[in-house]
$ cat target-v5.txt   # compact mmCIF, C-alpha atoms
# COMPACT_ATOMS: atom_id res chain seq x y z
CA MET A 1 -6.91 58.07 7.34
CA LYS A 2 -4.07 56.47 5.39
CA ILE A 3 -4.45 53.25 7.44
CA VAL A 4 -8.18 53.15 6.76
CA SER A 5 -7.58 53.62 3.03
CA THR A 6 -4.97 50.85 3.03
CA LEU A 7 -7.34 48.46 4.80
CA SER A 8 -10.13 49.31 2.38
CA PHE A 9 -7.86 48.71 -0.61
CA SER A 10 -6.67 45.38 0.88
CA GLY A 11 -10.27 44.34 1.42
CA LEU A 12 -11.08 45.18 -2.19
CA LEU A 13 -8.15 43.08 -3.44
CA LEU A 14 -9.26 40.16 -1.28
CA SER A 15 -12.78 40.40 -2.63
CA VAL A 16 -11.51 40.39 -6.21
CA ALA A 17 -9.26 37.40 -5.51
CA ASN A 18 -12.10 35.44 -3.93
CA ALA A 19 -14.18 36.05 -7.03
CA PHE A 20 -11.81 33.83 -9.00
CA VAL A 21 -11.82 30.96 -6.45
CA THR A 22 -14.16 28.14 -7.36
CA PRO A 23 -16.38 27.49 -4.34
CA GLU A 24 -16.29 23.98 -2.97
CA SER A 25 -19.39 22.11 -3.94
CA PRO A 26 -21.63 21.20 -0.99
CA LYS A 27 -22.07 17.80 -2.65
CA LEU A 28 -18.29 17.24 -2.83
CA ARG A 29 -17.81 18.38 0.74
CA THR A 30 -20.55 16.01 1.94
CA THR A 31 -19.11 13.14 -0.12
CA LEU A 32 -15.62 13.56 1.33
CA GLN A 33 -16.94 13.95 4.86
CA ALA A 34 -18.70 10.60 4.46
CA PHE A 35 -15.30 8.90 4.34
CA GLU A 36 -13.50 10.91 7.03
CA ASP A 37 -14.43 8.39 9.74
CA GLU A 38 -13.37 5.32 7.79
CA ILE A 39 -10.69 2.99 9.13
CA GLY A 40 -7.28 4.16 7.96
CA VAL A 41 -7.93 7.87 8.50
CA THR A 42 -5.15 8.46 11.03
CA ALA A 43 -2.98 11.28 12.33
CA PRO A 44 -1.05 13.24 11.29
CA LEU A 45 -2.47 13.31 7.75
CA GLY A 46 -6.06 12.48 8.61
CA PHE A 47 -8.21 12.12 5.50
CA PHE A 48 -5.64 12.20 2.69
CA ASP A 49 -6.74 12.16 -0.94
CA PRO A 50 -4.28 14.45 -2.77
CA ILE A 51 -5.24 13.45 -6.33
CA GLY A 52 -8.99 13.32 -5.76
CA LEU A 53 -9.66 9.61 -6.24
CA LEU A 54 -12.72 9.94 -4.04
CA LYS A 55 -14.12 13.03 -5.74
CA ASP A 56 -17.85 12.40 -6.26
CA ALA A 57 -17.30 8.78 -5.14
CA ASP A 58 -20.01 6.65 -3.63
CA GLN A 59 -19.57 3.86 -1.09
CA GLU A 60 -19.13 1.26 -3.82
CA ARG A 61 -16.26 3.24 -5.34
CA PHE A 62 -14.64 3.68 -1.91
CA ASN A 63 -14.95 -0.04 -1.16
CA ARG A 64 -13.31 -0.90 -4.48
CA LEU A 65 -10.36 1.40 -3.79
CA ARG A 66 -10.03 0.07 -0.24
CA TYR A 67 -10.04 -3.50 -1.58
CA VAL A 68 -7.23 -2.66 -4.02
CA GLU A 69 -5.29 -0.79 -1.33
CA LEU A 70 -5.48 -3.73 1.07
CA LYS A 71 -4.47 -6.28 -1.55
CA HIS A 72 -1.51 -4.24 -2.77
CA GLY A 73 -0.48 -3.55 0.82
CA ARG A 74 -0.51 -7.25 1.69
CA ILE A 75 1.48 -8.16 -1.42
CA SER A 76 3.97 -5.39 -0.66
CA MET A 77 4.47 -6.56 2.92
CA LEU A 78 5.30 -10.04 1.64
CA ALA A 79 7.56 -8.54 -1.02
CA VAL A 80 9.55 -6.46 1.48
CA LEU A 81 9.93 -9.45 3.78
CA GLY A 82 11.01 -11.67 0.88
CA HIS A 83 13.49 -9.05 -0.28
CA ILE A 84 15.05 -8.77 3.17
CA VAL A 85 15.25 -12.55 3.65
CA THR A 86 16.85 -13.26 0.27
CA ALA A 87 19.18 -10.25 0.52
CA SER A 88 20.46 -11.71 3.79
CA GLY A 89 21.54 -14.84 1.87
CA THR A 90 18.76 -17.15 3.01
CA ARG A 91 17.55 -19.56 0.33
CA LEU A 92 15.41 -22.66 0.09
CA PRO A 93 17.35 -25.93 -0.17
CA GLY A 94 17.47 -27.89 -3.39
CA ASP A 95 16.83 -26.95 -7.00
CA ILE A 96 14.25 -24.73 -8.61
CA ASP A 97 13.94 -26.90 -11.71
CA LEU A 98 14.74 -30.38 -13.00
CA SER A 99 17.85 -29.21 -14.86
CA GLY A 100 19.64 -28.51 -11.58
CA THR A 101 19.27 -24.75 -11.14
CA SER A 102 19.69 -24.35 -7.39
CA PHE A 103 17.90 -21.76 -5.29
CA ASP A 104 21.34 -20.67 -4.12
CA SER A 105 22.16 -19.56 -7.66
CA ILE A 106 19.26 -17.09 -7.83
CA PRO A 107 20.13 -13.52 -6.77
CA ALA A 108 17.82 -11.32 -4.72
CA GLY A 109 15.59 -8.52 -5.93
CA LEU A 110 14.83 -7.75 -9.56
CA ALA A 111 18.05 -9.47 -10.61
CA ALA A 112 16.34 -12.78 -9.87
CA PHE A 113 14.26 -12.49 -13.06
CA SER A 114 17.41 -12.80 -15.16
CA LYS A 115 18.19 -16.17 -13.58
CA LEU A 116 14.77 -17.73 -13.18
CA PRO A 117 13.98 -20.50 -15.68
CA SER A 118 11.10 -19.52 -17.96
CA ALA A 119 9.06 -22.52 -16.79
CA GLY A 120 9.59 -21.47 -13.18
CA LEU A 121 8.45 -17.93 -13.94
CA ALA A 122 5.35 -19.32 -15.67
CA GLN A 123 4.55 -21.38 -12.58
CA ILE A 124 4.83 -18.29 -10.37
CA VAL A 125 2.46 -16.36 -12.63
CA ALA A 126 0.02 -19.28 -12.71
CA PHE A 127 0.09 -19.59 -8.92
CA ILE A 128 -0.57 -15.88 -8.49
CA GLY A 129 -3.48 -16.17 -10.93
CA PHE A 130 -4.91 -19.06 -8.94
CA LEU A 131 -4.70 -17.08 -5.71
CA GLU A 132 -6.30 -14.06 -7.38
CA LEU A 133 -9.21 -15.96 -8.90
CA ALA A 134 -9.92 -18.65 -6.33
CA VAL A 135 -8.53 -17.69 -2.92
CA MET A 136 -7.85 -14.01 -2.29
CA LYS A 137 -11.30 -12.62 -2.92
CA ASP A 138 -14.22 -11.22 -1.02
CA ILE A 139 -17.21 -13.48 -0.68
CA ALA A 140 -20.82 -12.68 0.03
CA GLY A 141 -21.33 -12.08 3.72
CA ALA A 142 -17.78 -10.95 4.47
CA GLU A 143 -17.58 -8.70 7.54
CA PHE A 144 -15.61 -5.97 5.78
CA VAL A 145 -13.78 -5.16 2.56
CA GLY A 146 -10.66 -7.30 2.36
CA ASP A 147 -12.02 -10.08 4.58
CA PHE A 148 -10.46 -13.06 2.82
CA ARG A 149 -11.20 -15.67 5.47
CA ASN A 150 -13.82 -17.21 3.15
CA ASP A 151 -15.45 -19.01 6.07
CA ALA A 152 -12.38 -21.26 6.24
CA ILE A 153 -9.57 -19.42 8.04
CA ASP A 154 -9.98 -17.41 11.22
CA PHE A 155 -6.79 -17.35 13.34
CA GLY A 156 -8.80 -16.16 16.35
CA TRP A 157 -10.17 -12.98 14.76
CA ASP A 158 -13.61 -13.43 16.31
CA VAL A 159 -12.24 -13.41 19.86
CA PHE A 160 -11.10 -9.79 19.53
CA SER A 161 -13.31 -6.96 20.69
CA PRO A 162 -14.64 -4.54 18.03
CA GLU A 163 -12.14 -1.93 19.25
CA GLU A 164 -9.23 -4.35 18.92
CA GLN A 165 -10.40 -5.46 15.48
CA GLU A 166 -10.54 -1.84 14.33
CA ARG A 167 -7.07 -1.20 15.75
CA LYS A 168 -5.61 -4.23 13.97
CA ARG A 169 -7.25 -3.31 10.67
CA THR A 170 -5.80 0.20 10.96
CA ILE A 171 -2.35 -1.24 11.67
CA GLU A 172 -2.61 -3.49 8.62
CA LEU A 173 -3.56 -0.56 6.39
CA ASN A 174 -0.72 1.63 7.61
CA GLN A 175 1.84 -1.16 7.45
CA GLY A 176 0.67 -1.98 3.93
CA ARG A 177 1.00 1.66 2.88
CA ALA A 178 4.52 1.79 4.27
CA ALA A 179 5.39 -1.50 2.53
CA MET A 180 4.16 -0.22 -0.84
CA MET A 181 6.52 2.73 -0.54
CA GLY A 182 9.24 0.45 0.82
CA ILE A 183 9.27 -2.12 -1.96
CA LEU A 184 9.10 0.66 -4.56
CA ALA A 185 12.17 2.30 -2.99
CA LEU A 186 14.03 -1.02 -2.89
CA MET A 187 13.39 -1.63 -6.60
CA VAL A 188 14.28 1.92 -7.63
CA HIS A 189 17.57 2.00 -5.69
CA GLU A 190 18.51 -1.45 -6.95
CA GLN A 191 18.19 -0.18 -10.51
CA LEU A 192 19.92 3.14 -9.79
CA ASN A 193 23.13 1.91 -8.19
CA ASN A 194 22.54 -1.64 -6.95
CA ASP A 195 22.18 -0.33 -3.41
CA PRO A 196 18.56 -0.95 -2.39
CA TYR A 197 19.39 -0.73 1.32
CA ILE A 198 20.67 2.80 1.04
CA ILE A 199 19.66 3.53 4.64
CA ASN A 200 22.29 1.03 5.76
CA THR A 201 24.86 2.91 3.70
CA LEU A 202 23.83 6.27 5.12
CA VAL A 203 24.22 5.08 8.71
CA GLY A 204 27.60 3.46 8.05
CA TYR A 205 26.61 -0.19 7.60
CA PRO A 206 26.58 -0.75 3.82
CA LEU A 207 25.25 -4.02 2.43
CA GLU A 208 27.04 -5.64 -0.50
CA PHE A 209 23.83 -6.46 -2.31
CA ASN A 210 23.98 -9.62 -4.44
CA ALA A 211 27.71 -9.91 -3.91
CA GLY A 212 29.02 -12.94 -5.75
CA PHE A 213 26.26 -13.05 -8.38
$ encode --input "target-v5.txt" --output "structure tokens"
Amino acid sequence: MKIVSTLSFSGLLLSVANAFVTPESPKLRTTLQAFEDEIGVTAPLGFFDPIGLLKDADQERFNRLRYVELKHGRISMLAVLGHIVTASGTRLPGDIDLSGTSFDSIPAGLAAFSKLPSAGLAQIVAFIGFLELAVMKDIAGAEFVGDFRNDAIDFGWDVFSPEEQERKRTIELNQGRAAMMGILALMVHEQLNNDPYIINTLVGYPLEFNAGF
């Protein structure tokens, strides 16, 4: 009898608790399910939207977020690669400006901004703006969001099967996501203790970052 009473009381508490839980809207559930089969939904996280960016979103909103995600991922992959190359000591030959500032005199990472000539920095910003406005953009008739071929560059994409194209697009998304976290970590650790490659330090192979600058 005591067990039955305990179970009844537990059931009552559960019912009261459920009364204060906001039921998930059928509309929201349907909206989220519409994106669960999109490219980039991969194990182990599956569909992952922790801050609700896709809450009540339509396809246009999703496409805009995917476009931004792809672009930032591509920039981050280039940034990580550039960080690694310059941190290894590799530089372009010659000078960066007419006054004789050599590429060899520019440190890696965020420290480079303290050494870049103002005119050189302006040229970098202008070049990025040109790419943003004239080159790296979707055009009418693109096969998918983020297709920047612009009917000019292909690199053999059309020879891949639909399955292989989907696999490669998924790889690009995941690599871009990792690169966004990677370049953020490199910048943060450079500012914290000038040790962006902290993993090297942890495994016993520390890198003397920007030694000599």
$ residues_around --input "target-v5.txt" --residues "Ala108 (chain A)" --least-positions-apart "4" --cutoff "12 Å" --atoms "only C-alpha atoms" --output "VMD selection string"
chain A and resid 79 to 91 103 to 104 112 to 116 186 to 187 190 194 to 196 208 to 213
$ atom_distance --input "target-v5.txt" --atom1 "CA of Gly109 (chain A)" --atom2 "CA of Tyr67 (chain A)"
26.5 Å
$ closest_residue --input "target-v5.txt" --among "A:Asp95, A:Val125, A:Val145, A:Met180" --to "Arg61 (chain A)" --atoms "all atoms listed in the file"
A:Val145
$ closest_residue --input "target-v5.txt" --among "A:Gly204, A:Asp37, A:Asp151, A:Gly156" --to "Ile139 (chain A)" --atoms "all atoms listed in the file"
A:Asp151
$ closest_residue --input "target-v5.txt" --among "A:Gly129, A:Met181, A:Asn174, A:Pro206" --to "Leu45 (chain A)" --atoms "all atoms listed in the file"
A:Asn174
$ atom_distance --input "target-v5.txt" --atom1 "CA of Ala57 (chain A)" --atom2 "CA of Glu69 (chain A)"
15.8 Å
$ atom_distance --input "target-v5.txt" --atom1 "CA of Ile75 (chain A)" --atom2 "CA of Lys55 (chain A)"
26.7 Å
$ closest_residue --input "target-v5.txt" --among "A:Ile51, A:Ile199, A:Leu173, A:Glu143" --to "Ile39 (chain A)" --atoms "all atoms listed in the file"
A:Leu173
$ decode --input "target-v5.txt" --residues "region 54-149 of chain A" --atoms "C-alpha atoms" --output "short mmCIF file (atom, residue, chain, number, x, y, z; two decimals), in the first residue's frame"
data_model
loop_
_atom_site.label_atom_id
_atom_site.label_comp_id
_atom_site.auth_asym_id
_atom_site.auth_seq_id
_atom_site.Cartn_x
_atom_site.Cartn_y
_atom_site.Cartn_z
CA LEU A 54 16.73 28.71 -37.09
CA LYS A 55 13.73 29.18 -34.81
CA ASP A 56 10.77 30.03 -37.06
CA ALA A 57 13.20 30.32 -39.99
CA ASP A 58 12.17 29.81 -43.58
CA GLN A 59 14.34 28.48 -46.41
CA GLU A 60 15.53 31.97 -47.31
CA ARG A 61 16.77 32.54 -43.76
CA PHE A 62 18.51 29.14 -43.72
CA ASN A 63 20.20 29.84 -47.07
CA ARG A 64 21.47 33.19 -45.78
CA LEU A 65 22.97 31.59 -42.68
CA ARG A 66 24.50 28.78 -44.75
CA TYR A 67 26.02 31.36 -47.11
CA VAL A 68 27.60 33.21 -44.19
CA GLU A 69 28.80 29.95 -42.61
CA LEU A 70 30.47 28.84 -45.84
CA LYS A 71 32.15 32.18 -46.44
CA HIS A 72 33.48 32.45 -42.90
CA GLY A 73 34.62 28.83 -43.03
CA ARG A 74 36.56 29.40 -46.24
CA ILE A 75 38.19 32.56 -44.90
CA SER A 76 39.09 30.74 -41.68
CA MET A 77 40.68 27.84 -43.54
CA LEU A 78 42.89 30.30 -45.43
CA ALA A 79 43.64 32.13 -42.19
CA VAL A 80 44.74 28.97 -40.36
CA LEU A 81 46.91 27.94 -43.29
CA GLY A 82 48.45 31.42 -43.51
CA HIS A 83 49.09 31.43 -39.77
CA ILE A 84 50.87 28.07 -39.91
CA VAL A 85 52.97 29.04 -42.94
CA THR A 86 54.12 32.37 -41.54
CA ALA A 87 54.68 30.94 -38.05
CA SER A 88 57.04 28.42 -39.64
CA GLY A 89 59.17 31.32 -40.90
CA THR A 90 58.11 31.23 -44.54
CA ARG A 91 57.82 34.65 -46.16
CA LEU A 92 57.47 36.10 -49.63
CA PRO A 93 60.69 37.50 -51.12
CA GLY A 94 61.21 41.21 -51.51
CA ASP A 95 59.60 44.23 -49.89
CA ILE A 96 56.04 44.98 -48.93
CA ASP A 97 56.32 48.68 -49.76
CA LEU A 98 58.50 51.15 -51.66
CA SER A 99 60.28 52.32 -48.51
CA GLY A 100 62.02 48.96 -48.13
CA THR A 101 59.93 47.17 -45.50
CA SER A 102 60.71 43.52 -46.24
CA PHE A 103 58.26 40.68 -45.83
CA ASP A 104 60.86 39.06 -43.58
CA SER A 105 60.43 41.91 -41.09
CA ILE A 106 56.71 41.24 -40.59
CA PRO A 107 55.89 38.89 -37.69
CA ALA A 108 53.17 36.25 -37.83
CA GLY A 109 49.69 36.40 -36.38
CA LEU A 110 48.05 39.50 -34.94
CA ALA A 111 51.48 41.01 -34.28
CA ALA A 112 51.77 41.62 -38.02
CA PHE A 113 49.31 44.53 -37.79
CA SER A 114 51.81 46.49 -35.70
CA LYS A 115 54.39 46.26 -38.48
CA LEU A 116 52.29 46.59 -41.61
CA PRO A 117 52.56 49.96 -43.37
CA SER A 118 49.24 51.81 -43.32
CA ALA A 119 49.15 51.92 -47.12
CA GLY A 120 49.70 48.16 -47.23
CA LEU A 121 46.86 47.58 -44.78
CA ALA A 122 44.60 49.80 -46.89
CA GLN A 123 45.44 47.74 -49.97
CA ILE A 124 44.54 44.53 -48.13
CA VAL A 125 41.18 45.98 -47.08
CA ALA A 126 40.51 47.23 -50.62
CA PHE A 127 41.35 43.83 -52.10
CA ILE A 128 39.04 42.06 -49.65
CA GLY A 129 36.29 44.53 -50.57
CA PHE A 130 36.81 43.81 -54.25
CA LEU A 131 36.56 40.08 -53.67
CA GLU A 132 33.43 40.55 -51.55
CA LEU A 133 31.62 42.77 -54.05
CA ALA A 134 32.76 41.41 -57.39
CA VAL A 135 34.05 37.85 -57.07
CA MET A 136 32.93 35.87 -54.02
CA LYS A 137 29.19 36.05 -54.50
CA ASP A 138 26.32 33.86 -55.54
CA ILE A 139 24.92 34.49 -58.99
CA ALA A 140 21.56 33.66 -60.45
CA GLY A 141 21.44 30.03 -61.49
CA ALA A 142 24.06 28.79 -59.01
CA GLU A 143 23.63 25.09 -58.17
CA PHE A 144 23.68 25.65 -54.41
CA VAL A 145 24.32 28.26 -51.75
CA GLY A 146 28.01 29.14 -51.75
CA ASP A 147 28.58 28.17 -55.39
CA PHE A 148 31.08 30.86 -56.35
CA ARG A 149 32.17 29.40 -59.67
#
